[in-house]
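upload_10.txt, holding compact mmCIF, C-alpha atoms:
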```
# COMPACT_ATOMS: atom_id res chain seq x y z
CA MET Y 143 38.75 8.73 -17.97
CA ALA Y 144 41.22 6.63 -15.95
CA GLU Y 145 41.83 2.96 -16.72
CA THR Y 146 38.60 1.02 -16.23
CA PRO Y 147 37.02 -2.15 -17.72
CA LYS Y 148 36.36 -1.78 -21.46
CA ASP Y 149 32.83 -3.14 -21.12
CA HIS Y 150 30.36 -4.13 -18.42
CA VAL Y 151 30.26 -7.90 -18.88
CA ALA Y 152 31.96 -8.63 -15.54
CA LEU Y 153 29.63 -6.17 -13.78
CA GLU Y 154 26.57 -7.75 -15.35
CA LEU Y 155 27.75 -11.22 -14.32
CA ALA Y 156 28.46 -9.96 -10.80
CA MET Y 157 24.92 -8.61 -10.63
CA PHE Y 158 23.55 -11.98 -11.77
CA GLU Y 159 25.40 -13.51 -8.83
CA TYR Y 160 24.33 -10.72 -6.46
CA ASP Y 161 20.65 -11.27 -7.37
CA ARG Y 162 21.10 -15.06 -7.55
CA LEU Y 163 17.77 -16.93 -7.62
CA ASP Y 164 15.86 -13.66 -7.95
CA PRO Y 165 14.89 -13.73 -11.65
CA LYS Y 166 12.49 -10.80 -11.31
CA ARG Y 167 15.32 -8.47 -10.25
CA ILE Y 168 17.75 -9.92 -12.79
CA GLN Y 169 15.25 -9.51 -15.64
CA HIS Y 170 14.59 -5.96 -14.47
CA PHE Y 171 18.19 -4.74 -14.55
CA VAL Y 172 18.85 -6.48 -17.88
CA LYS Y 173 15.89 -4.67 -19.47
CA VAL Y 174 16.79 -1.32 -17.89
CA HIS Y 175 20.37 -1.69 -19.15
CA ALA Y 176 19.20 -2.47 -22.70
CA LEU Y 177 16.85 0.52 -22.79
CA THR Y 178 19.44 2.81 -21.22
CA ARG Y 179 21.87 1.87 -23.97
CA THR Y 180 19.26 2.38 -26.68
CA ILE Y 181 18.18 5.80 -25.41
CA ALA Y 182 21.76 6.97 -24.81
CA LEU Y 183 22.89 5.91 -28.29
CA ALA Y 184 19.83 7.33 -30.06
CA GLU Y 185 20.19 10.63 -28.18
CA GLY Y 186 23.87 10.89 -29.20
CA MET Y 187 25.20 10.76 -25.66
CA ASP Y 188 28.96 11.18 -25.28
CA PRO Y 189 30.66 7.72 -25.12
CA ASP Y 190 32.18 8.34 -21.67
CA GLN Y 191 28.84 9.44 -20.26
CA ARG Y 192 27.10 6.50 -21.94
CA TYR Y 193 29.64 4.12 -20.41
CA VAL Y 194 28.84 5.43 -16.92
CA VAL Y 195 25.07 5.41 -17.31
CA GLU Y 196 25.14 1.86 -18.69
CA ALA Y 197 27.05 0.72 -15.61
CA ALA Y 198 24.55 2.56 -13.43
CA ALA Y 199 21.67 0.81 -15.19
CA LEU Y 200 23.09 -2.56 -14.19
CA VAL Y 201 23.38 -1.65 -10.50
CA HIS Y 202 20.58 0.92 -10.15
CA ASP Y 203 18.45 -1.30 -7.86
CA ILE Y 204 21.32 -2.95 -5.98
CA GLY Y 205 20.01 -1.43 -2.74
CA ILE Y 206 16.78 -3.46 -2.77
CA HIS Y 207 18.05 -6.52 -0.89
CA GLU Y 208 19.70 -4.37 1.78
CA SER Y 209 16.57 -2.20 2.02
CA GLU Y 210 14.44 -5.29 2.57
CA ARG Y 211 16.87 -6.53 5.23
CA VAL Y 212 17.23 -3.21 7.06
CA TYR Y 213 13.79 -1.62 6.59
CA GLY Y 214 11.56 -4.52 5.55
CA ASP Y 215 10.65 -2.76 2.29
CA SER Y 216 12.10 -1.75 -1.06
CA ILE Y 217 10.86 1.83 -1.38
CA GLY Y 218 12.88 4.14 -3.57
CA THR Y 219 14.35 6.33 -0.86
CA HIS Y 220 15.73 3.30 0.97
CA GLN Y 221 17.15 1.87 -2.27
CA GLU Y 222 18.85 5.19 -2.98
CA GLU Y 223 20.26 5.38 0.55
CA LEU Y 224 21.67 1.85 0.64
CA GLY Y 225 22.45 1.18 -3.03
CA PRO Y 226 25.74 3.09 -3.31
CA LYS Y 227 27.16 1.18 -0.32
CA GLU Y 228 26.51 -2.05 -2.21
CA ALA Y 229 27.59 -0.86 -5.67
CA ARG Y 230 30.86 0.81 -4.68
CA PRO Y 231 32.80 -2.26 -3.42
CA MET Y 232 31.57 -4.40 -6.31
CA MET Y 233 32.71 -1.88 -8.91
CA GLU Y 234 36.02 -1.22 -7.15
CA ARG Y 235 36.71 -4.96 -7.02
CA LEU Y 236 36.05 -5.15 -10.77
CA GLY Y 237 38.56 -2.37 -11.48
CA TYR Y 238 36.37 0.60 -12.33
CA ALA Y 239 38.06 3.98 -12.13
CA PRO Y 240 37.19 6.05 -9.03
CA GLU Y 241 35.43 8.76 -11.06
CA VAL Y 242 33.24 6.14 -12.75
CA VAL Y 243 32.38 4.54 -9.41
CA ASP Y 244 31.58 7.92 -7.89
CA ARG Y 245 29.25 8.92 -10.70
CA VAL Y 246 27.53 5.53 -10.80
CA CYS Y 247 26.95 5.72 -7.05
CA TRP Y 248 25.53 9.22 -7.45
CA LEU Y 249 23.16 7.99 -10.15
CA VAL Y 250 22.07 5.05 -7.99
CA ALA Y 251 21.45 7.47 -5.12
CA HIS Y 252 19.23 9.69 -7.31
CA HIS Y 253 17.46 7.38 -9.77
CA HIS Y 254 14.08 7.91 -8.10
CA HIS Y 255 14.36 11.72 -8.28
CA TYR Y 256 12.01 12.05 -11.24
CA ALA Y 257 11.08 15.70 -11.08
CA GLY Y 258 13.67 18.15 -12.26
CA ALA Y 259 16.41 15.75 -13.32
CA HIS Y 260 18.90 18.14 -14.91
CA ASP Y 261 21.68 15.70 -15.78
CA ASP Y 262 21.38 13.89 -19.10
CA ASP Y 263 22.69 10.61 -17.71
CA LEU Y 264 20.20 10.67 -14.83
CA GLN Y 265 17.34 11.48 -17.21
CA VAL Y 266 18.22 8.56 -19.47
CA LEU Y 267 18.43 6.16 -16.51
CA ILE Y 268 15.12 7.35 -15.09
CA GLU Y 269 13.36 6.99 -18.44
CA ALA Y 270 14.74 3.49 -19.05
CA ASP Y 271 13.73 2.40 -15.55
CA MET Y 272 10.25 3.88 -15.98
CA LEU Y 273 9.77 2.16 -19.34
CA VAL Y 274 10.36 -1.18 -17.63
CA ASN Y 275 8.39 -0.30 -14.49
CA VAL Y 276 5.26 0.74 -16.38
CA TYR Y 277 5.03 -2.76 -17.80
CA GLU Y 278 6.21 -4.70 -14.76
CA ASP Y 279 3.96 -2.82 -12.34
CA SER Y 280 0.81 -3.40 -14.43
CA GLU Y 281 1.48 -6.48 -16.56
CA ASP Y 282 -2.17 -7.55 -16.66
CA ASP Y 283 -3.85 -4.15 -16.90
CA VAL Y 284 -3.52 -2.40 -20.25
CA ASP Y 285 -5.60 0.59 -19.13
CA ALA Y 286 -3.49 1.12 -16.00
CA ARG Y 287 -0.30 0.99 -18.11
CA ARG Y 288 -1.72 3.57 -20.52
CA ARG Y 289 -2.78 5.90 -17.70
CA MET Y 290 0.59 5.55 -15.96
CA ALA Y 291 2.43 6.15 -19.24
CA GLU Y 292 0.36 9.25 -20.03
CA SER Y 293 1.12 10.68 -16.61
CA LEU Y 294 4.85 9.93 -16.95
CA ARG Y 295 4.89 11.45 -20.45
CA GLU Y 296 3.75 14.76 -18.97
CA ARG Y 297 5.78 14.70 -15.75
CA VAL Y 298 9.01 12.76 -16.37
CA PHE Y 299 9.99 11.99 -19.96
CA ARG Y 300 12.08 14.56 -21.84
CA THR Y 301 14.20 12.71 -24.38
CA LYS Y 302 12.80 12.21 -27.88
CA THR Y 303 13.81 8.56 -27.82
CA GLY Y 304 12.33 7.86 -24.39
CA LEU Y 305 9.05 9.48 -25.44
CA LYS Y 306 9.01 7.48 -28.66
CA LEU Y 307 9.58 4.21 -26.77
CA LEU Y 308 6.95 5.08 -24.16
CA GLU Y 309 4.34 5.88 -26.80
CA ALA Y 310 5.21 2.85 -28.94
CA GLN Y 311 4.59 0.54 -26.01
CA PHE Y 312 1.76 2.09 -24.04
CA ILE Y 313 0.01 5.08 -25.65
```
Please lay out the structure from this file as structure tokens.
Amino acid sequence: MAETPKDHVALELAMFEYDRLDPKRIQHFVKVHALTRTIALAEGMDPDQRYVVEAAALVHDIGIHESERVYGDSIGTHQEELGPKEARPMMERLGYAPEVVDRVCWLVAHHHHYAGAHDDDLQVLIEADMLVNVYEDSEDDVDARRRMAESLRERVFRTKTGLKLLEAQFI
């Protein structure tokens, strides 16, 4: 891997500024990053791959603001379309190597492709995002969270750690 920042502190701080005064989005990417790291470490992911997927976790929803501006919504396909255009200049400015930026942008552009994710880094990102979304999308409805989690367990989750975290929280 070419020279790149040793950690993601500057990227995380840049995302705090990017999502300034939007605590819901900030809290979301912080939680997704933490769970991405946990799953990747527990699954024994290669350190270089883990480095990339952790960066992707921080910027995975960076397309939301642009999607709301351009399309008036934040649906996944619009986030995936517009997110890489937002993530790339931020990461380049912070000194990330081109191959890291390229892979992060690819992950951002595919993080709502739940069925048939064949890349380990994409699978980890999807599972971390879903773990957070199950709770955030149904905070006040325990039964809805359980039903959503059971459906995701069958259709989306493949890592042992992701399954364990899903079941520990919701099933």
Counting all atoms listed in the file, the residue of Y:Met187, Y:Arg192, Y:His207, Y:Asp283 that sits nearest His220 of chain Y: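 Selected residue with least distance to His220 of chain Y: Y:His207.
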With distances taken over all atoms listed in the file, which of Y:Met232, Y:Ile217, Y:Val194, Y:Leu273 is nearest to Lys173 of chain Y? Y:Leu273
Show me, as a PyMOL selection string, the residues that have an atom within 6 Å of Pro226 of chain Y when counting only C-alpha atoms, minus same-chain residues fewer than 3 positions from it. chain Y and resi 229-230+247
With a distance cut-off of 10 Å and only C-alpha atoms, select the neighbouring residues of Phe312 of chain Y, excluding the residue or stretch itself and same-chain residues fewer than 6 positions from it, and output the selection as a VMD selection string. chain Y and resid 273 276 to 277 284 to 292
Expected file: the selected residues, C-alpha atoms, as an mmCIF file, in the coordinates of the input:
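File produced: selection-v6.cif:
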```cif
data_model
loop_
_atom_site.group_PDB
_atom_site.id
_atom_site.type_symbol
_atom_site.label_atom_id
_atom_site.label_comp_id
_atom_site.auth_asym_id
_atom_site.auth_seq_id
_atom_site.Cartn_x
_atom_site.Cartn_y
_atom_site.Cartn_z
ATOM 1 C CA LEU Y 273 9.770 2.160 -19.340
ATOM 2 C CA VAL Y 276 5.260 0.740 -16.380
ATOM 3 C CA TYR Y 277 5.030 -2.760 -17.800
ATOM 4 C CA VAL Y 284 -3.520 -2.400 -20.250
ATOM 5 C CA ASP Y 285 -5.600 0.590 -19.130
ATOM 6 C CA ALA Y 286 -3.490 1.120 -16.000
ATOM 7 C CA ARG Y 287 -0.300 0.990 -18.110
ATOM 8 C CA ARG Y 288 -1.720 3.570 -20.520
ATOM 9 C CA ARG Y 289 -2.780 5.900 -17.700
ATOM 10 C CA MET Y 290 0.590 5.550 -15.960
ATOM 11 C CA ALA Y 291 2.430 6.150 -19.240
ATOM 12 C CA GLU Y 292 0.360 9.250 -20.030
#
```
In Å to one decimal, how far is atom CA of Asp164 of chain Y from atom CA of Glu210 of chain Y?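 Interatomic distance here is 13.5 Å.
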With distances taken over all atoms listed in the file, the candidate from Y:Thr303, Y:Ser293, Y:Glu241, Y:Phe171 nearest Leu153 of chain Y is Y:Phe171
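Among the candidate residues Y:Glu154, Y:Asp190, Y:Glu159, Y:Asp244, the one lying nearest to Val174 of chain Y is Y:Glu154, with distances computed using only C-alpha atoms.
The space separating atom CA of Leu224 of chain Y from atom CA of Gly205 of chain Y comes to 5.0 Å.
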Here is a test: counting only C-alpha atoms, which residue of Y:Leu183, Y:Leu163, Y:Leu236, Y:Ala156 is nearest to Leu200 of chain Y?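 Of all the options, Y:Ala156 lies closest to Leu200 of chain Y.
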Distance of atom CA of Ile313 of chain Y from atom CA of Ala198 of chain Y, expressed in Å to one decimal place: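 Distance reported for this atom pair: 27.5 Å.
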Selection near His252 of chain Y, 12 Å with only C-alpha atoms, sequence-local residues under 5 positions removed, as a list of chain:residue names: Y:Ala198, Y:His202, Y:Asp203, Y:Gly218, Y:Thr219, Y:His220, Y:Gln221, Y:Glu222, Y:Glu223, Y:Leu224, Y:Gly225, Y:Pro226, Y:Arg245, Y:Val246, Y:Cys247, Y:Ala257, Y:Gly258, Y:Ala259, Y:His260, Y:Asp261, Y:Asp263, Y:Leu264, Y:Gln265, Y:Leu267, Y:Ile268
Please identify all polymer residues within 10 Å of segment 300-302 of chain Y, counting only C-alpha atoms, omitting same-chain residues fewer than 3 positions from it, and present them as a list in words.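 Close residues of segment 300-302 of chain Y: Ile181, Ala182, Ala184, Glu185, Ala259, Asp262, Gln265, Val266, Glu269, Leu294, Arg295, Glu296, Arg297, Leu305, Lys306, Leu307 and Leu308 of chain Y.
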Nearest to Pro231 of chain Y, chosen from Y:Ile204, Y:Asp215, Y:Ser209, Y:His254, with only C-alpha atoms counted in the distances: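 When distances to Pro231 of chain Y are compared using only C-alpha atoms, the smallest one comes from Y:Ile204.
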Save segment 146-180 of chain Y to disk from that block, N, CA, C and O atoms included, as a short mmCIF file (atom, residue, chain, number, x, y, z; two decimals), in the first residue's frame.
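Result written to result05.cif:
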```cif
data_model
loop_
_atom_site.label_atom_id
_atom_site.label_comp_id
_atom_site.auth_asym_id
_atom_site.auth_seq_id
_atom_site.Cartn_x
_atom_site.Cartn_y
_atom_site.Cartn_z
N THR Y 146 0.04 6.62 3.02
CA THR Y 146 -1.32 7.06 3.32
C THR Y 146 -1.38 7.35 4.82
O THR Y 146 -0.50 6.93 5.57
N PRO Y 147 -2.37 8.09 5.31
CA PRO Y 147 -2.43 8.36 6.76
C PRO Y 147 -2.39 7.06 7.57
O PRO Y 147 -2.95 6.05 7.16
N LYS Y 148 -1.72 7.11 8.73
CA LYS Y 148 -1.58 5.89 9.55
C LYS Y 148 -2.88 5.51 10.25
O LYS Y 148 -3.07 4.36 10.64
N ASP Y 149 -3.76 6.47 10.44
CA ASP Y 149 -5.06 6.18 11.05
C ASP Y 149 -6.11 7.07 10.40
O ASP Y 149 -5.81 7.81 9.47
N HIS Y 150 -7.32 7.01 10.90
CA HIS Y 150 -8.43 7.72 10.27
C HIS Y 150 -8.96 8.89 11.10
O HIS Y 150 -10.08 9.35 10.88
N VAL Y 151 -8.15 9.37 12.03
CA VAL Y 151 -8.60 10.47 12.89
C VAL Y 151 -8.96 11.70 12.07
O VAL Y 151 -10.02 12.31 12.26
N ALA Y 152 -8.09 12.10 11.15
CA ALA Y 152 -8.36 13.29 10.34
C ALA Y 152 -9.62 13.09 9.48
O ALA Y 152 -10.40 14.03 9.30
N LEU Y 153 -9.82 11.89 8.97
CA LEU Y 153 -11.01 11.61 8.17
C LEU Y 153 -12.27 11.68 9.04
O LEU Y 153 -13.29 12.25 8.63
N GLU Y 154 -12.19 11.13 10.22
CA GLU Y 154 -13.34 11.19 11.12
C GLU Y 154 -13.66 12.64 11.48
O GLU Y 154 -14.84 13.05 11.46
N LEU Y 155 -12.65 13.42 11.78
CA LEU Y 155 -12.88 14.84 12.10
C LEU Y 155 -13.43 15.59 10.89
O LEU Y 155 -14.30 16.47 11.04
N ALA Y 156 -12.95 15.27 9.70
CA ALA Y 156 -13.48 15.90 8.49
C ALA Y 156 -14.95 15.55 8.29
O ALA Y 156 -15.75 16.39 7.85
N MET Y 157 -15.32 14.32 8.63
CA MET Y 157 -16.72 13.93 8.51
C MET Y 157 -17.59 14.63 9.57
O MET Y 157 -18.74 14.97 9.29
N PHE Y 158 -17.04 14.86 10.76
CA PHE Y 158 -17.78 15.64 11.75
C PHE Y 158 -18.07 17.03 11.18
O PHE Y 158 -19.18 17.55 11.33
N GLU Y 159 -17.10 17.62 10.53
CA GLU Y 159 -17.30 18.94 9.94
C GLU Y 159 -18.26 18.86 8.75
O GLU Y 159 -19.12 19.73 8.58
N TYR Y 160 -18.12 17.84 7.93
CA TYR Y 160 -19.00 17.67 6.77
C TYR Y 160 -20.46 17.56 7.20
O TYR Y 160 -21.36 18.13 6.58
N ASP Y 161 -20.72 16.80 8.26
CA ASP Y 161 -22.08 16.60 8.78
C ASP Y 161 -22.40 17.56 9.93
O ASP Y 161 -23.31 17.29 10.72
N ARG Y 162 -21.70 18.67 9.99
CA ARG Y 162 -21.85 19.67 11.06
C ARG Y 162 -23.33 19.95 11.34
O ARG Y 162 -24.13 20.10 10.44
N LEU Y 163 -23.66 19.93 12.62
CA LEU Y 163 -25.02 20.20 13.12
C LEU Y 163 -26.04 19.16 12.65
O LEU Y 163 -27.23 19.42 12.62
N ASP Y 164 -25.56 17.99 12.31
CA ASP Y 164 -26.43 16.87 11.94
C ASP Y 164 -26.04 15.67 12.81
O ASP Y 164 -25.43 14.71 12.34
N PRO Y 165 -26.38 15.74 14.12
CA PRO Y 165 -25.92 14.70 15.04
C PRO Y 165 -26.42 13.30 14.68
O PRO Y 165 -25.72 12.33 14.96
N LYS Y 166 -27.57 13.19 14.06
CA LYS Y 166 -28.07 11.86 13.68
C LYS Y 166 -27.09 11.19 12.71
O LYS Y 166 -26.75 10.03 12.88
N ARG Y 167 -26.63 11.92 11.71
CA ARG Y 167 -25.71 11.35 10.73
C ARG Y 167 -24.33 11.10 11.35
O ARG Y 167 -23.68 10.10 11.05
N ILE Y 168 -23.90 12.01 12.20
CA ILE Y 168 -22.60 11.83 12.86
C ILE Y 168 -22.63 10.59 13.75
O ILE Y 168 -21.74 9.74 13.68
N GLN Y 169 -23.66 10.47 14.57
CA GLN Y 169 -23.78 9.30 15.44
C GLN Y 169 -23.84 8.02 14.62
O GLN Y 169 -23.27 7.00 15.01
N HIS Y 170 -24.49 8.08 13.47
CA HIS Y 170 -24.60 6.89 12.63
C HIS Y 170 -23.23 6.44 12.14
O HIS Y 170 -22.86 5.28 12.30
N PHE Y 171 -22.45 7.34 11.53
CA PHE Y 171 -21.17 6.87 10.98
C PHE Y 171 -20.20 6.47 12.08
O PHE Y 171 -19.38 5.57 11.87
N VAL Y 172 -20.28 7.09 13.25
CA VAL Y 172 -19.41 6.69 14.36
C VAL Y 172 -19.73 5.25 14.79
O VAL Y 172 -18.82 4.43 14.98
N LYS Y 173 -21.01 4.93 14.89
CA LYS Y 173 -21.40 3.57 15.28
C LYS Y 173 -21.05 2.55 14.20
O LYS Y 173 -20.56 1.46 14.51
N VAL Y 174 -21.29 2.90 12.94
CA VAL Y 174 -20.95 1.97 11.85
C VAL Y 174 -19.45 1.73 11.82
O VAL Y 174 -19.00 0.59 11.65
N HIS Y 175 -18.67 2.78 12.03
CA HIS Y 175 -17.21 2.61 12.06
C HIS Y 175 -16.79 1.67 13.19
O HIS Y 175 -15.99 0.75 12.98
N ALA Y 176 -17.34 1.86 14.37
CA ALA Y 176 -16.98 1.02 15.52
C ALA Y 176 -17.33 -0.45 15.25
O ALA Y 176 -16.52 -1.35 15.53
N LEU Y 177 -18.50 -0.70 14.71
CA LEU Y 177 -18.91 -2.08 14.45
C LEU Y 177 -18.14 -2.69 13.28
O LEU Y 177 -17.83 -3.88 13.29
N THR Y 178 -17.81 -1.88 12.29
CA THR Y 178 -16.97 -2.36 11.19
C THR Y 178 -15.63 -2.83 11.73
O THR Y 178 -15.16 -3.92 11.38
N ARG Y 179 -15.03 -2.04 12.58
CA ARG Y 179 -13.74 -2.39 13.17
C ARG Y 179 -13.85 -3.68 13.98
O ARG Y 179 -13.01 -4.58 13.86
N THR Y 180 -14.88 -3.78 14.80
CA THR Y 180 -15.08 -4.97 15.62
C THR Y 180 -15.23 -6.22 14.77
O THR Y 180 -14.57 -7.24 15.01
#
```
